[in-house]
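S.K.: Next up is a structure, given as structure tokens.
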Amino acid sequence: MREVWVTGLGIACALGTDVETVAEAQREGRSGAGPMSGAFDTSNFEVKTACRVKGWNLGAALGADLAAPLLGRADRKAEFGWYAAVSALRDAFGDDAAAEAALRSAGPRAGVHLASGLVSTPVEEAERDLLPHFRGDRYDHGSGATALRDSSPYRARHFTDRVNTLIARRYGVGGPSLVNHGACAAGAVAVGLGARWIRRGRCDVVVAGGYESMIHPFGVLSFQMLGALSERTDCSPTEVSRPFDVSRDGFVIGEGGAVLVLEDAERARARGARCWGRVLGLGTSLDAYRITAPPPDGYGAIAAMRGALKEAGLDRSAIDYINAHGTGTPLNDSAETAAAKALFGDRSQAPPMSSSKGGLGHAVAAAGAVEAVLCLLAMRDGILPPTLNLHRPDPACDLDHVPLTARDASPKHVLSNSFGFGGVNGSLVLGAPT
Amino acid sequence: MIGIVSTGIACPLALGVAPTVERWLAGDSGLVDNDRWPTDWFVRGDAGLVPDFKPRKQLPDRKAVKLMSRESQLAVWAAVEAAGPKAGARFGIDPARFGGFAAAGYEVSSLDESEEMLALARDPADPRALSLKELFGPARDAYSPLAPLKILPNMALFHAASTLDLRGPHLSLGSSAAAGLAALGEAVEALQHDEADAVLVLGSDAQTEVFRAHQATEAGVIEHLAPAEGAGAVVVAEGGVAILGWSVGQELPPHEDPREASGRIVHGEARARIYAEAMKQAGLTSVDLALADLWGWPERDEHERRALPHVDRAASTRIRMGWLGAAGGIIDVALASELIRGGHADTVIVTASGIAGDVGAVVLGPAR
């Protein structure tokens with residue numbers, strides 16, 4: 001089996017839009033939360049907080065040429081995905097031309113695996129494409145079709161493989177290109193499976209990650225109706241997301257994108273690439289239980305974590321830190337703690353387990369990829385990332401959840417959990433550079 | 001040898017494997033007049049609709065049906081035919097070692113669920129504008145809390161997994177027409193690397209949902225192929241119809257946009273390479289039959305035929321069933337498996353490509 005290096009990182013999330021800003025925010029325990037009213041008027045909506053990417057402007061972030069294929073022709077989440085991919089490729093290879101040369105020369109041995117979230121309709125699209133075509137209470141498909149036919153951007157806006165296609169065309173990827181729809185586990189699975197393609201010899205380089213944005217009225221309404229979001233208003237927005245705390249009442253919606261360039265270690269070493277860390281193992285499992293709730297004993301989570309350790313070839317004692325799914329919903333955090341204890345033992349035996357979602361929010365399909373980047377940065381920076389706003393741990397969440405502030409440590413192997421609606425679980429084992 | 005040990009099909013030809021094979025061999029078409037929505041404004045009036053499908057009567061959990069989109073309903077039907085009622089018990093495999101890999105068509109959700117909500121969310125003073133006050137008020141009250149669950153992209157897999165009690169590894173891919181073949185290949189690897197003892201591989205789609213049909217039209221598909229719905233399911237395990245080779249990759253999409261394309265990928269070259277790789281893995285230089293990516297569009301089909309020099313006899317489910325999106329690949333694999341099992345072919349290559357440029361091929365044959 002070949003070793004898989006992470007040679008490039010790209011990220012846009014509530015903590016920042018470049019790797020070092022995000023790393024600093026993690027070290028200093030900063031929150032990316034703010035009022036959701038920055039996205040739309042929430043005066044009639046119970047949920048008031050979101051973790052948005054601040055000051056987002058794709059054109060400014062990437063330059064006009066690279067932004068052009070998406071501007072006005074794709075939704076916000078695709079912009080995050082494309083930005084993160086371009087950033088990661090530049091990080092890995094130096095510039096766009098070198099990245100293109102590397103991927104094009106790899107041809108069919110270069111792959112893309114990205115997680116993409118729900119297709120959902122922002123307000124402006126509803127007003128442009130849907131509402132003008134209502135006759136009474138019914139949508140007039142004939143009128144709507146005529147308008148859509150004349151609306152060239154519509155054609156591609158909702159293709160969830162849009163970012164994959166852009167990467168493939170711009171950089172010349174000829175190998176597998178998959179869009180992962182594994183809900184909140186999708187980002188982790190995309191990274192882990194992309195690494196498998198290299199480990200098992202199918203690819204030499206893979207662009208893997210995830211992207212998501214649902215901070216618009218229809219998007220957050222869906223989660224709110226499912227009872228998943230915190231409606232807390234008695235504190236600052238930065239204090240709303242409270243993983244493992246006894247007062248937690250739901251997650252704060254986040255957004256963003258993260259992409260990792262994965263390479264065969266031998267090839268990467270030969271070209272003198274920097275190693276951010278290694279992707280060692282992936283474990284996945286199905287709960288086959290309920291759509292929006294994990295089984296209380298967390299058997300699916302246990303299976304995913306166990307599978308990741310097995311693929312990594314590591315004993316559980318080798319894990320120095322667990323980056324929890326840790327959404328801050330009452331059900332998840334206690335079930336995840338129970339699962340971790342079942343596998344690793346009680347507080348005296350289990351590694352510290354914190355949640356990045358206290359400051360990052362839940363970036364849904366992107367979460368696993370974003371958190372994989374945070375884990376790599378934690379290993380580089382020699383810290384255990386904190387769980388923000390954890391003042392009163394729930395007795396059912398009784399592991400060392402690294403409350404409030406980052407802790408100096410030297411984690412060499414970390415486990416990152418991502419669990420999703422529909423009972424899908426994914427766990428990644430990441431290793432520090434050797 | 002890893003192979004396909006069981007199949008399930010819900011497609012425009014028929015509901016069920018046996019009648020599908022029978023109608024396929026008879027040369028029947030599954031295209032009918034589209035009675036789902038008025039088509040006087042649409043580019044074509046026919047569609048590939050699954051006949052005689054009554055989810056509330058035919059699916060195991062009648063209550064769960066109301067939580068399912070059309071494609072999830074079709075997926076569960078096919079999954080139950082392939083592996084039901086409980087997959088582990090039927091095949092003697094621990095549920096924790098029985099995985100679920102799915103390719104589900106997910107681009108634009110049906111408007112049916114949200115039409116009333118949208119109507120109620122309009123600004124009373126300007127019905128062309130959305131009012132957040134109305135959206136978060138009366139519109140929300142009229143919207144079932146269960147409705148959002150229908151549009152989660154991994155719901156076809158969830159419903160199949162919970163129905164069959166699958167607890168092993170998962171993969172949820174969308175929404176390309178080649179995604180099913182990619183999922184099948186990943187399932188083979190999952191078995192080869194001891195991640196599972198069996199994997200249910202699903203492909204499901206409902207391109208007949210009106211907004212998906214809109215989108216497929218804009219992408220240039222529906223002028224050639226009728227919108228269609230369906231699901232295929234296969235159980236991948238040791239034995240059965242052998243999966244001799246598989247390969248997936250990328251080529252330039254046919255609806256090239258000059259603002260996006262580098263123009264340096266030669267259309268067709270990659271397709272031939274991908275098919276050749278699958279044949280090489282199979283150790284074959286020719287096969288009896290191709291269930292090929294033929295659309296009845298001469299220019300495009302010529303491309304496909306050139307990429308398939310290893311076959312004399314090529315047929316296409318797309319022409320007789322319509323555009324099945326993410327469902328097509330696994331429906332074709334299930335059909336090909338049954339043709340081999342029934343002695344109608346010894347070896348079959350199944351090919352598929354998505355409008356985003358992804359291409360896949362699987363070569364099937366008798367167990368060696």
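How things are named: the first chain in the structure tokens is A, the next is B, and so on; residues count from 1 in each chain; ligands count from 1 in the order shown.
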Do a neighbour search on Gly99 (chain B) at 9 Å with only C-alpha atoms, toss out local chain neighbours closer than 6 positions, and write the hits as a list of chain:residue names.

M.R.: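 Listed by chain and then number, they are A:Ser285, A:Leu286, B:Ala161, B:Leu166, B:Arg167, B:Gly168, B:Pro169, B:His170, B:Leu171, B:Ala187, B:Ala190, B:Glu195, B:Ala196, B:Asp197, B:Ala198, B:Val199, B:Leu200, B:Val201.
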
S.K.: Write out the residues from the selection above, keeping N, CA, C and O atoms, as an mmCIF file, in the first residue's frame.

M.R.:
data_model
loop_
_atom_site.group_PDB
_atom_site.id
_atom_site.type_symbol
_atom_site.label_atom_id
_atom_site.label_comp_id
_atom_site.auth_asym_id
_atom_site.auth_seq_id
_atom_site.Cartn_x
_atom_site.Cartn_y
_atom_site.Cartn_z
ATOM 1 N N SER A 285 -19.929 3.750 7.820
ATOM 2 C CA SER A 285 -20.961 2.799 8.231
ATOM 3 C C SER A 285 -22.330 3.440 8.086
ATOM 4 O O SER A 285 -22.447 4.664 7.963
ATOM 5 N N LEU A 286 -23.323 2.590 8.076
ATOM 6 C CA LEU A 286 -24.719 3.028 8.033
ATOM 7 C C LEU A 286 -25.381 2.696 9.365
ATOM 8 O O LEU A 286 -25.161 1.621 9.917
ATOM 9 N N ALA B 161 -31.357 1.322 3.081
ATOM 10 C CA ALA B 161 -30.578 0.742 4.185
ATOM 11 C C ALA B 161 -31.456 0.421 5.381
ATOM 12 O O ALA B 161 -31.305 -0.633 6.012
ATOM 13 N N LEU B 166 -29.117 -2.520 6.380
ATOM 14 C CA LEU B 166 -27.718 -2.485 5.942
ATOM 15 C C LEU B 166 -26.936 -1.593 6.900
ATOM 16 O O LEU B 166 -27.287 -0.431 7.085
ATOM 17 N N ARG B 167 -25.883 -2.100 7.481
ATOM 18 C CA ARG B 167 -25.106 -1.308 8.451
ATOM 19 C C ARG B 167 -23.621 -1.236 8.100
ATOM 20 O O ARG B 167 -22.809 -0.789 8.905
ATOM 21 N N GLY B 168 -23.282 -1.697 6.952
ATOM 22 C CA GLY B 168 -21.880 -1.705 6.552
ATOM 23 C C GLY B 168 -21.452 -0.381 5.948
ATOM 24 O O GLY B 168 -22.083 0.651 6.168
ATOM 25 N N PRO B 169 -20.376 -0.387 5.168
ATOM 26 C CA PRO B 169 -19.871 0.867 4.590
ATOM 27 C C PRO B 169 -20.869 1.480 3.613
ATOM 28 O O PRO B 169 -21.727 0.790 3.069
ATOM 29 N N HIS B 170 -20.724 2.784 3.413
ATOM 30 C CA HIS B 170 -21.658 3.470 2.524
ATOM 31 C C HIS B 170 -20.910 4.357 1.549
ATOM 32 O O HIS B 170 -19.767 4.779 1.795
ATOM 33 N N LEU B 171 -21.590 4.642 0.478
ATOM 34 C CA LEU B 171 -21.119 5.637 -0.483
ATOM 35 C C LEU B 171 -22.360 6.184 -1.162
ATOM 36 O O LEU B 171 -23.202 5.429 -1.617
ATOM 37 N N ALA B 187 -17.708 -0.667 -4.968
ATOM 38 C CA ALA B 187 -18.197 -1.824 -4.206
ATOM 39 C C ALA B 187 -17.266 -3.027 -4.405
ATOM 40 O O ALA B 187 -16.972 -3.760 -3.453
ATOM 41 N N ALA B 190 -14.395 -2.472 -2.252
ATOM 42 C CA ALA B 190 -14.733 -2.659 -0.835
ATOM 43 C C ALA B 190 -14.655 -4.134 -0.461
ATOM 44 O O ALA B 190 -14.195 -4.495 0.633
ATOM 45 N N GLU B 195 -13.623 -4.690 3.351
ATOM 46 C CA GLU B 195 -14.433 -3.717 4.094
ATOM 47 C C GLU B 195 -15.853 -4.232 4.272
ATOM 48 O O GLU B 195 -16.598 -3.712 5.112
ATOM 49 N N ALA B 196 -16.252 -5.172 3.461
ATOM 50 C CA ALA B 196 -17.616 -5.699 3.514
ATOM 51 C C ALA B 196 -17.617 -7.090 2.910
ATOM 52 O O ALA B 196 -16.689 -7.481 2.189
ATOM 53 N N ASP B 197 -18.687 -7.835 3.224
ATOM 54 C CA ASP B 197 -18.873 -9.145 2.588
ATOM 55 C C ASP B 197 -19.856 -9.048 1.424
ATOM 56 O O ASP B 197 -19.898 -9.931 0.566
ATOM 57 N N ALA B 198 -20.666 -8.008 1.432
ATOM 58 C CA ALA B 198 -21.595 -7.769 0.331
ATOM 59 C C ALA B 198 -21.939 -6.286 0.317
ATOM 60 O O ALA B 198 -21.890 -5.620 1.358
ATOM 61 N N VAL B 199 -22.249 -5.787 -0.858
ATOM 62 C CA VAL B 199 -22.675 -4.392 -0.987
ATOM 63 C C VAL B 199 -23.886 -4.335 -1.906
ATOM 64 O O VAL B 199 -23.872 -4.911 -3.006
ATOM 65 N N LEU B 200 -24.917 -3.672 -1.431
ATOM 66 C CA LEU B 200 -26.039 -3.366 -2.315
ATOM 67 C C LEU B 200 -25.684 -2.093 -3.075
ATOM 68 O O LEU B 200 -25.422 -1.061 -2.458
ATOM 69 N N VAL B 201 -25.664 -2.187 -4.400
ATOM 70 C CA VAL B 201 -25.384 -1.000 -5.210
ATOM 71 C C VAL B 201 -26.680 -0.562 -5.882
ATOM 72 O O VAL B 201 -27.333 -1.354 -6.562
#

S.K.: Fewer than 2 positions away in the same chain doesn't count, so skip those; otherwise give me all residues within 6 Å of Trp5 (chain A), counting only C-alpha atoms, as a PyMOL selection string.

M.R.: chain A and resi 7+262-263+265+275+277-278

S.K.: Would you list the contacts of Pro243 (chain A) as number ranges by chain, taking every protein, DNA or RNA residue within 10 Å and counting only C-alpha atoms, but skipping same-chain residues closer than 5 positions in sequence?

M.R.: A: 248-251, 324-330, 332-334, 354-359, 387-390, 393-394, 397, 401, 403

S.K.: Save out the residues we just selected, N, CA, C and O atoms, as a short mmCIF file (atom, residue, chain, number, x, y, z; two decimals), in the first residue's frame.

M.R.:
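Ended up saving to selection.cif:
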data_model
loop_
_atom_site.label_atom_id
_atom_site.label_comp_id
_atom_site.auth_asym_id
_atom_site.auth_seq_id
_atom_site.Cartn_x
_atom_site.Cartn_y
_atom_site.Cartn_z
N ARG A 248 -26.60 22.97 25.51
CA ARG A 248 -26.63 22.98 24.04
C ARG A 248 -28.07 22.71 23.56
O ARG A 248 -28.80 21.92 24.15
N ASP A 249 -28.42 23.35 22.45
CA ASP A 249 -29.80 23.18 21.97
C ASP A 249 -29.87 23.10 20.45
O ASP A 249 -30.93 23.32 19.86
N GLY A 250 -28.78 22.79 19.81
CA GLY A 250 -28.80 22.67 18.35
C GLY A 250 -27.53 23.26 17.76
O GLY A 250 -26.73 23.87 18.47
N PHE A 251 -27.38 23.07 16.46
CA PHE A 251 -26.15 23.59 15.85
C PHE A 251 -26.37 24.95 15.25
O PHE A 251 -27.49 25.41 15.07
N ALA A 324 -14.28 15.74 17.06
CA ALA A 324 -15.63 15.17 17.06
C ALA A 324 -16.50 15.75 15.97
O ALA A 324 -16.26 16.86 15.49
N HIS A 325 -17.52 14.99 15.60
CA HIS A 325 -18.57 15.60 14.78
C HIS A 325 -19.17 16.73 15.61
O HIS A 325 -19.34 17.83 15.11
N GLY A 326 -19.51 16.44 16.87
CA GLY A 326 -19.79 17.48 17.87
C GLY A 326 -20.63 18.65 17.39
O GLY A 326 -20.22 19.80 17.49
N THR A 327 -21.83 18.38 16.94
CA THR A 327 -22.65 19.44 16.36
C THR A 327 -23.21 20.41 17.39
O THR A 327 -23.52 21.55 17.06
N GLY A 328 -23.39 19.93 18.60
CA GLY A 328 -24.08 20.76 19.59
C GLY A 328 -25.56 20.46 19.66
O GLY A 328 -26.31 21.17 20.34
N THR A 329 -26.01 19.42 18.98
CA THR A 329 -27.39 18.98 19.17
C THR A 329 -27.41 18.04 20.38
O THR A 329 -26.43 17.33 20.64
N PRO A 330 -28.51 18.03 21.10
CA PRO A 330 -28.56 17.16 22.28
C PRO A 330 -28.27 15.70 21.95
O PRO A 330 -27.55 15.02 22.68
N ASN A 332 -26.73 14.21 19.18
CA ASN A 332 -25.42 13.83 18.62
C ASN A 332 -24.34 13.73 19.67
O ASN A 332 -23.59 12.75 19.72
N ASP A 333 -24.21 14.76 20.48
CA ASP A 333 -23.02 14.84 21.33
C ASP A 333 -22.97 13.74 22.38
O ASP A 333 -21.90 13.19 22.67
N SER A 334 -24.13 13.39 22.91
CA SER A 334 -24.12 12.30 23.90
C SER A 334 -23.90 10.96 23.22
O SER A 334 -23.17 10.10 23.74
N SER A 354 -12.51 17.04 21.09
CA SER A 354 -13.15 18.37 21.07
C SER A 354 -13.91 18.55 19.76
O SER A 354 -13.77 17.78 18.81
N SER A 355 -14.71 19.61 19.75
CA SER A 355 -15.49 19.92 18.55
C SER A 355 -15.10 21.29 18.02
O SER A 355 -15.10 22.28 18.76
N SER A 356 -14.81 21.35 16.72
CA SER A 356 -14.50 22.64 16.09
C SER A 356 -15.76 23.45 15.81
O SER A 356 -15.67 24.63 15.47
N LYS A 357 -16.91 22.83 15.93
CA LYS A 357 -18.15 23.50 15.53
C LYS A 357 -18.57 24.59 16.51
O LYS A 357 -19.47 25.38 16.20
N GLY A 358 -17.94 24.64 17.67
CA GLY A 358 -18.22 25.74 18.59
C GLY A 358 -17.90 27.09 17.97
O GLY A 358 -18.58 28.08 18.24
N GLY A 359 -16.88 27.14 17.14
CA GLY A 359 -16.53 28.40 16.51
C GLY A 359 -16.73 28.43 15.02
O GLY A 359 -16.79 29.50 14.40
N THR A 387 -12.95 23.21 22.38
CA THR A 387 -14.39 23.29 22.19
C THR A 387 -14.83 24.61 22.81
O THR A 387 -14.78 24.79 24.04
N LEU A 388 -15.22 25.54 21.97
CA LEU A 388 -15.63 26.84 22.50
C LEU A 388 -16.97 26.73 23.22
O LEU A 388 -17.79 25.87 22.92
N ASN A 389 -17.17 27.60 24.16
CA ASN A 389 -18.44 27.75 24.89
C ASN A 389 -18.80 26.54 25.75
O ASN A 389 -19.96 26.37 26.10
N LEU A 390 -17.82 25.73 26.04
CA LEU A 390 -18.09 24.56 26.88
C LEU A 390 -17.79 24.93 28.33
O LEU A 390 -16.69 24.73 28.85
N PRO A 393 -20.05 21.06 31.17
CA PRO A 393 -20.17 19.81 30.41
C PRO A 393 -21.40 19.00 30.82
O PRO A 393 -21.72 18.89 32.01
N ASP A 394 -22.08 18.48 29.83
CA ASP A 394 -23.19 17.56 30.06
C ASP A 394 -22.63 16.31 30.74
O ASP A 394 -21.61 15.77 30.28
N CYS A 397 -21.62 13.79 28.52
CA CYS A 397 -20.47 14.08 27.65
C CYS A 397 -19.26 14.27 28.56
O CYS A 397 -18.85 15.40 28.86
N HIS A 401 -13.08 17.16 26.71
CA HIS A 401 -13.51 17.84 25.50
C HIS A 401 -12.74 19.15 25.25
O HIS A 401 -13.17 19.97 24.45
N PRO A 403 -12.08 22.11 26.85
CA PRO A 403 -12.96 23.27 26.89
C PRO A 403 -12.23 24.60 26.69
O PRO A 403 -11.11 24.80 27.18
#

S.K.: Between A:Leu360, A:Cys13, A:Arg290, A:Ala190, single out the one closest to Asp165 (chain B), counting only C-alpha atoms.

M.R.: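 Nearest to Asp165 (chain B): A:Arg290.
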
S.K.: When distances are computed from only C-alpha atoms, which of B:Asp346, B:Asp141, B:Glu304, B:Glu338 shows the smallest separation from chain A?

M.R.: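 Looking at the shortest contact to chain A, the residue is B:Asp141.
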
S.K.: Give me, as a ChimeraX atom specification, the residues of region 38-73 of chain B that a backbone DSSP run labels helix (DSSP H, G or I).

M.R.: /B:55-58,62-65,70-73

S.K.: Would you mind reading off the distance between CA of Gln26 (chain A) and CA of Leu229 (chain A), one decimal, in Å?

M.R.: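 That distance, rounded to one decimal, is 22.9 Å.
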
S.K.: Would you kindly return, as a PDB file with N, CA, C and O atoms, in the first residue's frame, each protein, DNA or RNA residue with an atom no farther than 12 Å from any atom of Phe91 (chain B), considering only C-alpha atoms and excluding same-chain residues fewer than 4 positions away?

M.R.:
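The result, written out as result_28.pdb:
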ATOM      1  N   VAL B   5     -24.802 -11.126  -7.491  1.00  0.00           N
ATOM      2  CA  VAL B   5     -25.509 -12.322  -7.059  1.00  0.00           C
ATOM      3  C   VAL B   5     -27.018 -12.142  -7.052  1.00  0.00           C
ATOM      4  O   VAL B   5     -27.759 -13.120  -6.902  1.00  0.00           O
ATOM      5  N   SER B   6     -27.461 -10.914  -7.183  1.00  0.00           N
ATOM      6  CA  SER B   6     -28.902 -10.697  -7.157  1.00  0.00           C
ATOM      7  C   SER B   6     -29.200  -9.331  -7.766  1.00  0.00           C
ATOM      8  O   SER B   6     -28.356  -8.431  -7.723  1.00  0.00           O
ATOM      9  N   ALA B  82     -33.946  -6.991  -4.930  1.00  0.00           N
ATOM     10  CA  ALA B  82     -32.590  -7.544  -4.998  1.00  0.00           C
ATOM     11  C   ALA B  82     -32.150  -8.203  -3.704  1.00  0.00           C
ATOM     12  O   ALA B  82     -31.413  -9.190  -3.735  1.00  0.00           O
ATOM     13  N   ALA B  83     -32.603  -7.668  -2.569  1.00  0.00           N
ATOM     14  CA  ALA B  83     -31.985  -8.113  -1.310  1.00  0.00           C
ATOM     15  C   ALA B  83     -32.963  -8.251  -0.152  1.00  0.00           C
ATOM     16  O   ALA B  83     -32.545  -8.512   0.971  1.00  0.00           O
ATOM     17  N   GLY B  84     -34.242  -8.055  -0.395  1.00  0.00           N
ATOM     18  CA  GLY B  84     -35.191  -8.070   0.705  1.00  0.00           C
ATOM     19  C   GLY B  84     -35.609  -9.469   1.112  1.00  0.00           C
ATOM     20  O   GLY B  84     -35.229 -10.442   0.457  1.00  0.00           O
ATOM     21  N   PRO B  85     -36.375  -9.579   2.192  1.00  0.00           N
ATOM     22  CA  PRO B  85     -36.836  -8.452   3.011  1.00  0.00           C
ATOM     23  C   PRO B  85     -35.753  -7.893   3.937  1.00  0.00           C
ATOM     24  O   PRO B  85     -35.729  -6.716   4.214  1.00  0.00           O
ATOM     25  N   LYS B  86     -34.884  -8.747   4.464  1.00  0.00           N
ATOM     26  CA  LYS B  86     -33.729  -8.256   5.228  1.00  0.00           C
ATOM     27  C   LYS B  86     -32.475  -8.841   4.584  1.00  0.00           C
ATOM     28  O   LYS B  86     -32.336 -10.072   4.485  1.00  0.00           O
ATOM     29  N   ALA B  87     -31.610  -7.964   4.164  1.00  0.00           N
ATOM     30  CA  ALA B  87     -30.505  -8.404   3.324  1.00  0.00           C
ATOM     31  C   ALA B  87     -29.580  -9.396   4.033  1.00  0.00           C
ATOM     32  O   ALA B  87     -29.158 -10.399   3.449  1.00  0.00           O
ATOM     33  N   PRO B  95     -25.291  -7.864   9.110  1.00  0.00           N
ATOM     34  CA  PRO B  95     -25.667  -6.541   8.573  1.00  0.00           C
ATOM     35  C   PRO B  95     -24.534  -5.527   8.632  1.00  0.00           C
ATOM     36  O   PRO B  95     -24.444  -4.640   7.776  1.00  0.00           O
ATOM     37  N   ARG B  97     -21.617  -6.045   7.915  1.00  0.00           N
ATOM     38  CA  ARG B  97     -20.699  -6.335   6.802  1.00  0.00           C
ATOM     39  C   ARG B  97     -21.414  -6.208   5.455  1.00  0.00           C
ATOM     40  O   ARG B  97     -20.909  -6.647   4.439  1.00  0.00           O
ATOM     41  N   PHE B  98     -22.624  -5.642   5.498  1.00  0.00           N
ATOM     42  CA  PHE B  98     -23.405  -5.477   4.276  1.00  0.00           C
ATOM     43  C   PHE B  98     -23.496  -3.986   3.994  1.00  0.00           C
ATOM     44  O   PHE B  98     -24.165  -3.243   4.696  1.00  0.00           O
ATOM     45  N   LEU B 164     -33.715  -2.615   4.569  1.00  0.00           N
ATOM     46  CA  LEU B 164     -33.009  -3.908   4.463  1.00  0.00           C
ATOM     47  C   LEU B 164     -32.068  -4.178   5.626  1.00  0.00           C
ATOM     48  O   LEU B 164     -31.482  -5.240   5.716  1.00  0.00           O
ATOM     49  N   LEU B 166     -29.117  -2.520   6.380  1.00  0.00           N
ATOM     50  CA  LEU B 166     -27.718  -2.485   5.942  1.00  0.00           C
ATOM     51  C   LEU B 166     -26.936  -1.593   6.900  1.00  0.00           C
ATOM     52  O   LEU B 166     -27.287  -0.431   7.085  1.00  0.00           O
ATOM     53  N   ASP B 197     -18.687  -7.835   3.224  1.00  0.00           N
ATOM     54  CA  ASP B 197     -18.873  -9.145   2.588  1.00  0.00           C
ATOM     55  C   ASP B 197     -19.856  -9.048   1.424  1.00  0.00           C
ATOM     56  O   ASP B 197     -19.898  -9.931   0.566  1.00  0.00           O
ATOM     57  N   ALA B 198     -20.666  -8.008   1.432  1.00  0.00           N
ATOM     58  CA  ALA B 198     -21.595  -7.769   0.331  1.00  0.00           C
ATOM     59  C   ALA B 198     -21.939  -6.286   0.317  1.00  0.00           C
ATOM     60  O   ALA B 198     -21.890  -5.620   1.358  1.00  0.00           O
ATOM     61  N   VAL B 199     -22.249  -5.787  -0.858  1.00  0.00           N
ATOM     62  CA  VAL B 199     -22.675  -4.392  -0.987  1.00  0.00           C
ATOM     63  C   VAL B 199     -23.886  -4.335  -1.906  1.00  0.00           C
ATOM     64  O   VAL B 199     -23.872  -4.911  -3.006  1.00  0.00           O
ATOM     65  N   LEU B 200     -24.917  -3.672  -1.431  1.00  0.00           N
ATOM     66  CA  LEU B 200     -26.039  -3.366  -2.315  1.00  0.00           C
ATOM     67  C   LEU B 200     -25.684  -2.093  -3.075  1.00  0.00           C
ATOM     68  O   LEU B 200     -25.422  -1.061  -2.458  1.00  0.00           O
ATOM     69  N   VAL B 235     -26.784  -6.792  -5.873  1.00  0.00           N
ATOM     70  CA  VAL B 235     -25.984  -7.184  -4.711  1.00  0.00           C
ATOM     71  C   VAL B 235     -24.650  -7.705  -5.225  1.00  0.00           C
ATOM     72  O   VAL B 235     -24.605  -8.654  -6.019  1.00  0.00           O
ATOM     73  N   VAL B 236     -23.593  -7.048  -4.802  1.00  0.00           N
ATOM     74  CA  VAL B 236     -22.235  -7.431  -5.193  1.00  0.00           C
ATOM     75  C   VAL B 236     -21.636  -8.256  -4.055  1.00  0.00           C
ATOM     76  O   VAL B 236     -21.597  -7.802  -2.909  1.00  0.00           O
ATOM     77  N   ALA B 237     -21.222  -9.449  -4.387  1.00  0.00           N
ATOM     78  CA  ALA B 237     -20.654 -10.358  -3.377  1.00  0.00           C
ATOM     79  C   ALA B 237     -19.814 -11.403  -4.103  1.00  0.00           C
ATOM     80  O   ALA B 237     -19.628 -11.327  -5.315  1.00  0.00           O
ATOM     81  N   GLU B 238     -19.323 -12.354  -3.367  1.00  0.00           N
ATOM     82  CA  GLU B 238     -18.565 -13.443  -3.991  1.00  0.00           C
ATOM     83  C   GLU B 238     -19.517 -14.322  -4.789  1.00  0.00           C
ATOM     84  O   GLU B 238     -20.571 -14.712  -4.290  1.00  0.00           O
ATOM     85  N   GLY B 239     -19.160 -14.599  -6.045  1.00  0.00           N
ATOM     86  CA  GLY B 239     -19.989 -15.475  -6.870  1.00  0.00           C
ATOM     87  C   GLY B 239     -20.857 -14.699  -7.843  1.00  0.00           C
ATOM     88  O   GLY B 239     -20.675 -13.510  -8.053  1.00  0.00           O
TER      89      GLY B 239
END

S.K.: Counting only C-alpha atoms, what is within 10 Å of region 35-52 of chain A, bar same-chain residues fewer than 2 positions away, as a ChimeraX atom specification?

M.R.: /A:12-16,31-33,54-56,123,213-217,220-221,224,229-233,236-241,251-256,357-363 /B:132-137

S.K.: So how many Å separate CA of Arg316 (chain A) and CA of Ala350 (chain A), to one decimal?

M.R.: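 Taking CA of Arg316 (chain A) and CA of Ala350 (chain A), their separation equals 8.8 Å.
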
S.K.: Within region 311-388 of chain A, find each residue whose DSSP state, derived from the backbone, is strand (DSSP E or B), and express the selection as a ChimeraX atom specification.

M.R.: /A:321-323,353-354,362,383-384,387

S.K.: What lies within 12 Å of Thr146 (chain A) using only C-alpha atoms, ignoring chain neighbours under 6 positions off, as a count of residues only?

M.R.: 13
